[in-house]
Amino acid sequence: MKKKKSVVQKIDGIIRKARMPKYLHHFGPKKFTSRQHAKAWLLKEQHKCSWEDFFEDWACEYFDEIPQYTTLIKFVQKLPFWLKSKLIALSADIETADYGAIDSTGLSRTSASHYFVKRIDRDTPVKACLKLSLYTTKRTILAFRLRSKWRGDTLDVPYLLNHSSILATTNCLDKGYDAEWIHQEFRQRGVYSIIPSRKGCQRGNYRKQMRDCFDIVQFWQRNCGEWNNSSLKRRFGSFIRSSTFRSQHSEIAARIILHNLKAILLGLFHGSRCISKRQK
């Protein structure tokens, strides 16, 4: 039986597979590589702490030398979007999927307690929440989109499909995504969509098919979207520590990468248990 890999080994593995450039730019003298910076970025989210706490408490366990946390903060702000998308695709580590789901949720910009909000006589959040849309399958997140302002759910569907490494054969979405052009978007890509039609549906061939021949059994597979949303929040919290949008985007990307790696490690763990039981 093969030895089980730790999260640190999996992080090193996907950074190598991503073929990350040694340096993101060629300006100025450099002492540390971008791969070392990326490893620190992911490990910081693994420990769910601030950069200062990671630098003081955890960095010495993984690195002999590490740059100042201000350098790491600047690196995270400058991470290119294509690199984060590639790391998420590698962390998913799947080639095909039968069912997929798209769902959205909100994330707070602050971790203020209810006591604080009540003490300053506020019933509304200090800042408006971020909108996070996820394209998921089973225990894996395939793509995401983060918005600083709340927009309609349907607007994020093409972006998620374009940035996903694979497309599920059947995609289940809730009633908020009911639109004829959403069905057409999936059909043009060679996959299917199941979206319950709103009350009073009169237009659209695909919407009428959903109204007359809705398959509730397949629609239950939409639970993977709810599960991944809940799992991501239960593990990392429902708030964001970063202040700028690019840092917030990188923070969410790191959480999704670690979420996918955890799913892989759990699969290896359960697989090893089954093998050991068979051997007995």
# chains A, B, ... in the order shown; residues from 1 in each chain; ligands from 1
$ select_by_dssp --residues "stretch 7-192 of chain A" --states "helix (DSSP H, G or I)" --output "PyMOL selection string"
chain A and resi 7-17+34-46+51-62+69-77+81-92+114-119+153-162+175-177+180-188
$ residues_around --residues "A:Ser242" --least-positions-apart "3" --cutoff "8 Å" --atoms "only C-alpha atoms" --output "VMD selection string"
chain A and resid 109 245 247 to 248 251
$ closest_residue --among "A:Gln68, A:Gly106, A:Gly100, A:Ser238" --to "A:Val191" --atoms "only C-alpha atoms"
A:Gly100
$ residues_around --residues "stretch 87-99 of chain A" --least-positions-apart "4" --cutoff "8 Å" --atoms "only C-alpha atoms" --output "ChimeraX atom specification"
/A:14-15,17-18,83,137-138,140-143,164-172,221,253,256-258,260-261
$ residues_around --residues "A:Glu180" --least-positions-apart "4" --cutoff "12 Å" --atoms "only C-alpha atoms" --output "VMD selection string"
chain A and resid 154 184 to 187 193 to 198 201 to 210
$ write_last_selection --atoms "N, CA and C atoms" --output "mmCIF file, in the first residue's frame"
data_model
loop_
_atom_site.group_PDB
_atom_site.id
_atom_site.type_symbol
_atom_site.label_atom_id
_atom_site.label_comp_id
_atom_site.auth_asym_id
_atom_site.auth_seq_id
_atom_site.Cartn_x
_atom_site.Cartn_y
_atom_site.Cartn_z
ATOM 1 N N THR A 154 -27.481 34.572 -12.818
ATOM 2 C CA THR A 154 -27.292 34.062 -14.177
ATOM 3 C C THR A 154 -26.053 34.656 -14.853
ATOM 4 N N GLN A 184 -29.516 27.269 -23.235
ATOM 5 C CA GLN A 184 -28.810 27.280 -24.510
ATOM 6 C C GLN A 184 -27.301 27.302 -24.319
ATOM 7 N N GLU A 185 -26.842 27.986 -23.284
ATOM 8 C CA GLU A 185 -25.408 28.040 -22.993
ATOM 9 C C GLU A 185 -24.863 26.643 -22.716
ATOM 10 N N PHE A 186 -25.592 25.844 -21.952
ATOM 11 C CA PHE A 186 -25.148 24.477 -21.668
ATOM 12 C C PHE A 186 -25.243 23.600 -22.918
ATOM 13 N N ARG A 187 -26.324 23.720 -23.691
ATOM 14 C CA ARG A 187 -26.492 22.873 -24.871
ATOM 15 C C ARG A 187 -25.416 23.158 -25.909
ATOM 16 N N SER A 193 -28.699 20.597 -18.809
ATOM 17 C CA SER A 193 -29.008 21.400 -17.628
ATOM 18 C C SER A 193 -30.390 21.031 -17.110
ATOM 19 N N ILE A 194 -30.517 21.037 -15.786
ATOM 20 C CA ILE A 194 -31.802 20.803 -15.129
ATOM 21 C C ILE A 194 -32.058 21.990 -14.207
ATOM 22 N N ILE A 195 -33.039 22.817 -14.558
ATOM 23 C CA ILE A 195 -33.365 24.013 -13.790
ATOM 24 C C ILE A 195 -34.888 24.073 -13.652
ATOM 25 N N PRO A 196 -35.434 24.055 -12.455
ATOM 26 C CA PRO A 196 -36.897 24.153 -12.319
ATOM 27 C C PRO A 196 -37.402 25.494 -12.837
ATOM 28 N N SER A 197 -38.481 25.449 -13.586
ATOM 29 C CA SER A 197 -39.037 26.674 -14.169
ATOM 30 C C SER A 197 -39.857 27.439 -13.132
ATOM 31 N N ARG A 198 -39.872 28.743 -13.292
ATOM 32 C CA ARG A 198 -40.654 29.574 -12.395
ATOM 33 C C ARG A 198 -42.151 29.417 -12.668
ATOM 34 N N CYS A 201 -44.491 29.871 -16.307
ATOM 35 C CA CYS A 201 -43.570 29.778 -17.442
ATOM 36 C C CYS A 201 -44.366 29.592 -18.740
ATOM 37 N N GLN A 202 -44.140 30.487 -19.719
ATOM 38 C CA GLN A 202 -44.860 30.427 -20.988
ATOM 39 C C GLN A 202 -43.932 30.476 -22.194
ATOM 40 N N ARG A 203 -42.671 30.869 -22.017
ATOM 41 C CA ARG A 203 -41.775 31.067 -23.147
ATOM 42 C C ARG A 203 -40.535 30.207 -23.008
ATOM 43 N N GLY A 204 -39.960 29.851 -24.187
ATOM 44 C CA GLY A 204 -38.712 29.099 -24.211
ATOM 45 C C GLY A 204 -38.937 27.603 -24.321
ATOM 46 N N ASN A 205 -38.315 26.979 -25.334
ATOM 47 C CA ASN A 205 -38.510 25.540 -25.538
ATOM 48 C C ASN A 205 -37.936 24.732 -24.373
ATOM 49 N N TYR A 206 -36.729 25.077 -23.934
ATOM 50 C CA TYR A 206 -36.107 24.320 -22.851
ATOM 51 C C TYR A 206 -36.833 24.548 -21.527
ATOM 52 N N ARG A 207 -37.308 25.755 -21.307
ATOM 53 C CA ARG A 207 -38.049 26.033 -20.075
ATOM 54 C C ARG A 207 -39.366 25.260 -20.056
ATOM 55 N N LYS A 208 -40.009 25.141 -21.217
ATOM 56 C CA LYS A 208 -41.249 24.363 -21.275
ATOM 57 C C LYS A 208 -40.980 22.880 -21.030
ATOM 58 N N GLN A 209 -39.838 22.381 -21.526
ATOM 59 C CA GLN A 209 -39.474 20.993 -21.239
ATOM 60 C C GLN A 209 -39.282 20.775 -19.742
ATOM 61 N N MET A 210 -38.641 21.742 -19.080
ATOM 62 C CA MET A 210 -38.469 21.635 -17.631
ATOM 63 C C MET A 210 -39.816 21.686 -16.909
#
$ residues_around --residues "A:Gly225" --least-positions-apart "2" --cutoff "7 Å" --atoms "only C-alpha atoms" --output "list of chain:residue names"
A:Ala101, A:Ile102, A:Asp103, A:Thr136, A:Arg222, A:Asn223, A:Trp227, A:Asn228, A:Asn229
$ write_last_selection --atoms "N, CA and C atoms" --output "mmCIF file, in the first residue's frame"
data_model
loop_
_atom_site.group_PDB
_atom_site.id
_atom_site.type_symbol
_atom_site.label_atom_id
_atom_site.label_comp_id
_atom_site.auth_asym_id
_atom_site.auth_seq_id
_atom_site.Cartn_x
_atom_site.Cartn_y
_atom_site.Cartn_z
ATOM 1 N N ALA A 101 -23.115 21.225 -10.240
ATOM 2 C CA ALA A 101 -24.082 22.192 -9.715
ATOM 3 C C ALA A 101 -23.435 23.566 -9.633
ATOM 4 N N ILE A 102 -24.244 24.599 -9.794
ATOM 5 C CA ILE A 102 -23.796 25.986 -9.648
ATOM 6 C C ILE A 102 -24.654 26.632 -8.577
ATOM 7 N N ASP A 103 -23.997 27.268 -7.632
ATOM 8 C CA ASP A 103 -24.712 27.926 -6.548
ATOM 9 C C ASP A 103 -23.875 29.104 -6.071
ATOM 10 N N THR A 136 -19.460 23.203 -8.893
ATOM 11 C CA THR A 136 -18.977 22.076 -8.094
ATOM 12 C C THR A 136 -19.454 20.744 -8.660
ATOM 13 N N ARG A 222 -28.167 18.343 -7.069
ATOM 14 C CA ARG A 222 -27.774 19.725 -6.796
ATOM 15 C C ARG A 222 -27.245 19.896 -5.373
ATOM 16 N N ASN A 223 -27.442 18.913 -4.531
ATOM 17 C CA ASN A 223 -26.974 19.005 -3.145
ATOM 18 C C ASN A 223 -25.465 19.171 -3.057
ATOM 19 N N TRP A 227 -23.484 21.408 -0.354
ATOM 20 C CA TRP A 227 -22.495 20.775 0.535
ATOM 21 C C TRP A 227 -21.151 21.480 0.452
ATOM 22 N N ASN A 228 -20.696 21.799 -0.739
ATOM 23 C CA ASN A 228 -19.402 22.467 -0.888
ATOM 24 C C ASN A 228 -19.426 23.876 -0.306
ATOM 25 N N ASN A 229 -20.530 24.591 -0.490
ATOM 26 C CA ASN A 229 -20.663 25.903 0.146
ATOM 27 C C ASN A 229 -20.557 25.789 1.664
#
$ residues_around --residues "A:Thr70" --least-positions-apart "4" --cutoff "12 Å" --atoms "only C-alpha atoms" --output "list in words"
His37, Ser50, Trp51, Glu52, Phe55, Ile66, Lys74, Phe75, Val76 and Gln77 of chain A
$ write_last_selection --atoms "N, CA and C atoms" --output "PDB file, in the first residue's frame"
ATOM      1  N   HIS A  37       6.979  31.514  -2.291  1.00  0.00           N
ATOM      2  CA  HIS A  37       5.918  32.436  -1.906  1.00  0.00           C
ATOM      3  C   HIS A  37       4.551  31.750  -1.981  1.00  0.00           C
ATOM      4  N   SER A  50      -3.529  35.108  10.384  1.00  0.00           N
ATOM      5  CA  SER A  50      -3.036  36.277   9.666  1.00  0.00           C
ATOM      6  C   SER A  50      -1.599  36.052   9.237  1.00  0.00           C
ATOM      7  N   TRP A  51      -1.096  36.937   8.366  1.00  0.00           N
ATOM      8  CA  TRP A  51       0.291  36.820   7.922  1.00  0.00           C
ATOM      9  C   TRP A  51       1.258  37.001   9.093  1.00  0.00           C
ATOM     10  N   GLU A  52       0.967  37.908  10.004  1.00  0.00           N
ATOM     11  CA  GLU A  52       1.846  38.115  11.149  1.00  0.00           C
ATOM     12  C   GLU A  52       1.947  36.866  12.015  1.00  0.00           C
ATOM     13  N   PHE A  55       3.892  34.114  10.195  1.00  0.00           N
ATOM     14  CA  PHE A  55       5.323  34.423  10.177  1.00  0.00           C
ATOM     15  C   PHE A  55       5.970  34.142  11.536  1.00  0.00           C
ATOM     16  N   ILE A  66      12.530  32.631   5.256  1.00  0.00           N
ATOM     17  CA  ILE A  66      11.271  33.098   4.681  1.00  0.00           C
ATOM     18  C   ILE A  66      11.304  34.616   4.605  1.00  0.00           C
ATOM     19  N   LYS A  74       2.324  41.469  -0.655  1.00  0.00           N
ATOM     20  CA  LYS A  74       2.420  42.045  -2.002  1.00  0.00           C
ATOM     21  C   LYS A  74       2.375  40.959  -3.071  1.00  0.00           C
ATOM     22  N   PHE A  75       2.997  39.811  -2.796  1.00  0.00           N
ATOM     23  CA  PHE A  75       2.973  38.708  -3.752  1.00  0.00           C
ATOM     24  C   PHE A  75       1.549  38.217  -3.980  1.00  0.00           C
ATOM     25  N   VAL A  76       0.780  38.065  -2.900  1.00  0.00           N
ATOM     26  CA  VAL A  76      -0.597  37.584  -3.016  1.00  0.00           C
ATOM     27  C   VAL A  76      -1.449  38.569  -3.806  1.00  0.00           C
ATOM     28  N   GLN A  77      -1.210  39.862  -3.613  1.00  0.00           N
ATOM     29  CA  GLN A  77      -1.971  40.865  -4.347  1.00  0.00           C
ATOM     30  C   GLN A  77      -1.674  40.839  -5.842  1.00  0.00           C
TER      31      GLN A  77
END
$ atom_distance --atom1 "atom CA of A:Arg145" --atom2 "atom CA of A:Thr71"
25.9 Å
$ residues_around --residues "stretch 127-132 of chain A" --least-positions-apart "3" --cutoff "8 Å" --atoms "only C-alpha atoms" --output "list in words"
Ser104, Thr105, Gly106, Leu107, Ser108, Arg109, Thr110, Phe144, Arg145, Leu146, Arg147, Ser148, Lys149, Trp150 and Arg151 of chain A
